[in-house]
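Colleague: Provided herewith is a single structure, encoded as structure tokens, for subsequent inquiry.
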Amino acid sequence: MKFLSAAYNNFDVLPHSLWTESSSTLRFLSLAGNNYSHLSGSGKKVQKYTSQEFSENFFSSSGPYHRFTGLPELKELDLRNSQLTSINSDLLWDLISLEYLYLSNNFITVLIGNPFPSKLIHIDLAYNNHPNEISVLGMSPYAFQELNSLRTLDFSFTKLEERSVLFLEKLPISLIGLSLCYTNLQ
């Protein structure tokens, strides 16, 4: 089996029986819409996955108990609609092969330091605003500087801190697409 969708169930951990027999051939795993609250790989059995979707789960922050580990082959990660409020280097530090990262429709208000793995090609940070609050996304001017493979970056409909405009001077030369639509930059 190459594709497994366990989306929209009530899992808080992936049942052992779903991945033990198929882990050597599985390339995409969708876990969207479940009740995961702790982000962690399941050891060697999960390391063969190249794509994983955790969108529409209930992660409230990206602290020390919220990180992806044991997934060095993962190339695509979907965390859309997961109620994330911040992204720091702990969350993604072990995802050394990650190329596509989808973080839209969260409540992210801060990118701490250089939070992204170096092989990323695409980052989607669109629609990151809390519906009941006036929120803006703040970040270091160097948040994307080390991403030498980054080709597309999307901030559409995410209000950015005025001083965040400094990151524009530090973008990698590999970037070919940047969306700043409706970000309130001046």
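In the structure tokens, chains take the letters A, B, ... in the order shown, each chain's residues start at 1, and ligands count up from 1 in the order shown.
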Determine, counting only C-alpha atoms, which protein, DNA and RNA residues have an atom within 8 Å of an atom of stretch 104-120 of chain A; residues of the same chain fewer than 6 positions away are not included. Present the result as an mmCIF file with N, CA and C atoms, in the first residue's frame.

Modeller:
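In the end it all went to around_38.cif:
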data_model
loop_
_atom_site.group_PDB
_atom_site.id
_atom_site.type_symbol
_atom_site.label_atom_id
_atom_site.label_comp_id
_atom_site.auth_asym_id
_atom_site.auth_seq_id
_atom_site.Cartn_x
_atom_site.Cartn_y
_atom_site.Cartn_z
ATOM 1 N N LEU A 79 -0.376 20.884 7.856
ATOM 2 C CA LEU A 79 -0.854 21.259 9.184
ATOM 3 C C LEU A 79 -1.924 22.352 9.090
ATOM 4 N N ARG A 80 -2.627 22.385 7.974
ATOM 5 C CA ARG A 80 -3.684 23.386 7.820
ATOM 6 C C ARG A 80 -4.777 23.173 8.866
ATOM 7 N N ASN A 81 -5.380 24.268 9.311
ATOM 8 C CA ASN A 81 -6.506 24.235 10.249
ATOM 9 C C ASN A 81 -6.200 23.453 11.525
ATOM 10 N N SER A 82 -5.023 23.623 12.073
ATOM 11 C CA SER A 82 -4.625 22.860 13.265
ATOM 12 C C SER A 82 -4.491 23.717 14.518
ATOM 13 N N GLN A 83 -4.933 24.960 14.468
ATOM 14 C CA GLN A 83 -4.931 25.870 15.603
ATOM 15 C C GLN A 83 -3.535 26.158 16.150
ATOM 16 N N LEU A 84 -2.517 26.079 15.310
ATOM 17 C CA LEU A 84 -1.162 26.433 15.732
ATOM 18 C C LEU A 84 -1.078 27.928 15.992
ATOM 19 N N THR A 85 -0.339 28.322 17.023
ATOM 20 C CA THR A 85 -0.189 29.735 17.350
ATOM 21 C C THR A 85 1.232 30.244 17.130
ATOM 22 N N SER A 86 2.208 29.348 17.068
ATOM 23 C CA SER A 86 3.592 29.762 16.828
ATOM 24 C C SER A 86 4.346 28.617 16.175
ATOM 25 N N ILE A 87 5.431 28.968 15.522
ATOM 26 C CA ILE A 87 6.312 27.962 14.919
ATOM 27 C C ILE A 87 7.721 28.263 15.404
ATOM 28 N N ASN A 88 8.340 27.266 16.027
ATOM 29 C CA ASN A 88 9.734 27.425 16.441
ATOM 30 C C ASN A 88 10.548 26.267 15.890
ATOM 31 N N SER A 89 11.845 26.302 16.060
ATOM 32 C CA SER A 89 12.716 25.275 15.480
ATOM 33 C C SER A 89 12.476 23.895 16.082
ATOM 34 N N ASP A 90 11.955 23.808 17.302
ATOM 35 C CA ASP A 90 11.670 22.499 17.909
ATOM 36 C C ASP A 90 10.612 21.724 17.134
ATOM 37 N N LEU A 91 9.612 22.401 16.594
ATOM 38 C CA LEU A 91 8.499 21.737 15.933
ATOM 39 C C LEU A 91 8.965 20.889 14.746
ATOM 40 N N LEU A 92 9.859 21.411 13.936
ATOM 41 C CA LEU A 92 10.226 20.771 12.674
ATOM 42 C C LEU A 92 11.679 20.323 12.605
ATOM 43 N N TRP A 93 12.414 20.385 13.703
ATOM 44 C CA TRP A 93 13.872 20.194 13.684
ATOM 45 C C TRP A 93 14.322 18.873 13.094
ATOM 46 N N LEU A 95 12.821 17.097 10.698
ATOM 47 C CA LEU A 95 12.291 16.845 9.354
ATOM 48 C C LEU A 95 13.289 17.321 8.294
ATOM 49 N N ILE A 96 14.396 16.634 8.210
ATOM 50 C CA ILE A 96 15.526 17.074 7.389
ATOM 51 C C ILE A 96 15.276 16.969 5.888
ATOM 52 N N SER A 97 14.268 16.214 5.453
ATOM 53 C CA SER A 97 13.966 16.064 4.024
ATOM 54 C C SER A 97 12.734 16.853 3.600
ATOM 55 N N LEU A 98 12.123 17.591 4.510
ATOM 56 C CA LEU A 98 10.866 18.283 4.229
ATOM 57 C C LEU A 98 11.027 19.310 3.118
ATOM 58 N N ALA A 126 -0.625 31.303 4.439
ATOM 59 C CA ALA A 126 -1.796 32.130 4.130
ATOM 60 C C ALA A 126 -2.882 31.980 5.198
ATOM 61 N N TYR A 127 -3.688 33.004 5.322
ATOM 62 C CA TYR A 127 -4.868 33.001 6.204
ATOM 63 C C TYR A 127 -4.536 32.653 7.655
ATOM 64 N N ASN A 128 -3.503 33.252 8.190
ATOM 65 C CA ASN A 128 -3.154 33.036 9.592
ATOM 66 C C ASN A 128 -3.574 34.226 10.427
ATOM 67 N N ASN A 129 -4.833 34.254 10.763
ATOM 68 C CA ASN A 129 -5.398 35.302 11.607
ATOM 69 C C ASN A 129 -6.444 34.679 12.509
ATOM 70 N N HIS A 130 -6.446 35.081 13.751
ATOM 71 C CA HIS A 130 -7.452 34.580 14.677
ATOM 72 C C HIS A 130 -8.761 35.316 14.404
ATOM 73 N N SER A 135 -4.858 40.112 15.160
ATOM 74 C CA SER A 135 -3.557 39.469 15.305
ATOM 75 C C SER A 135 -2.704 39.748 14.084
ATOM 76 N N VAL A 136 -1.407 39.825 14.307
ATOM 77 C CA VAL A 136 -0.446 40.011 13.230
ATOM 78 C C VAL A 136 0.675 39.005 13.411
ATOM 79 N N LEU A 137 1.298 38.654 12.316
ATOM 80 C CA LEU A 137 2.393 37.700 12.340
ATOM 81 C C LEU A 137 3.713 38.442 12.446
ATOM 82 N N GLY A 138 4.492 38.111 13.476
ATOM 83 C CA GLY A 138 5.809 38.692 13.658
ATOM 84 C C GLY A 138 6.876 37.639 13.421
ATOM 85 N N MET A 139 8.035 38.105 12.961
ATOM 86 C CA MET A 139 9.117 37.164 12.674
ATOM 87 C C MET A 139 10.458 37.878 12.644
ATOM 88 N N SER A 140 11.502 37.093 12.760
ATOM 89 C CA SER A 140 12.859 37.590 12.611
ATOM 90 C C SER A 140 13.107 37.937 11.143
ATOM 91 N N TYR A 142 15.525 37.172 9.622
ATOM 92 C CA TYR A 142 16.328 36.059 9.099
ATOM 93 C C TYR A 142 15.552 34.739 9.015
ATOM 94 N N ALA A 143 14.242 34.772 9.216
ATOM 95 C CA ALA A 143 13.436 33.551 9.286
ATOM 96 C C ALA A 143 13.547 32.673 8.041
ATOM 97 N N PHE A 144 13.807 33.262 6.873
ATOM 98 C CA PHE A 144 13.843 32.488 5.628
ATOM 99 C C PHE A 144 15.211 32.514 4.947
ATOM 100 N N GLU A 146 18.145 31.185 5.377
ATOM 101 C CA GLU A 146 18.933 29.957 5.192
ATOM 102 C C GLU A 146 18.261 28.941 4.269
ATOM 103 N N LEU A 147 17.098 29.257 3.741
ATOM 104 C CA LEU A 147 16.339 28.313 2.920
ATOM 105 C C LEU A 147 16.734 28.464 1.448
ATOM 106 N N ASN A 148 17.859 27.928 1.091
ATOM 107 C CA ASN A 148 18.433 28.114 -0.246
ATOM 108 C C ASN A 148 17.687 27.389 -1.357
ATOM 109 N N SER A 149 16.734 26.518 -1.023
ATOM 110 C CA SER A 149 15.927 25.834 -2.037
ATOM 111 C C SER A 149 14.526 26.417 -2.141
ATOM 112 N N LEU A 150 14.194 27.376 -1.295
ATOM 113 C CA LEU A 150 12.832 27.932 -1.252
ATOM 114 C C LEU A 150 12.495 28.618 -2.571
#
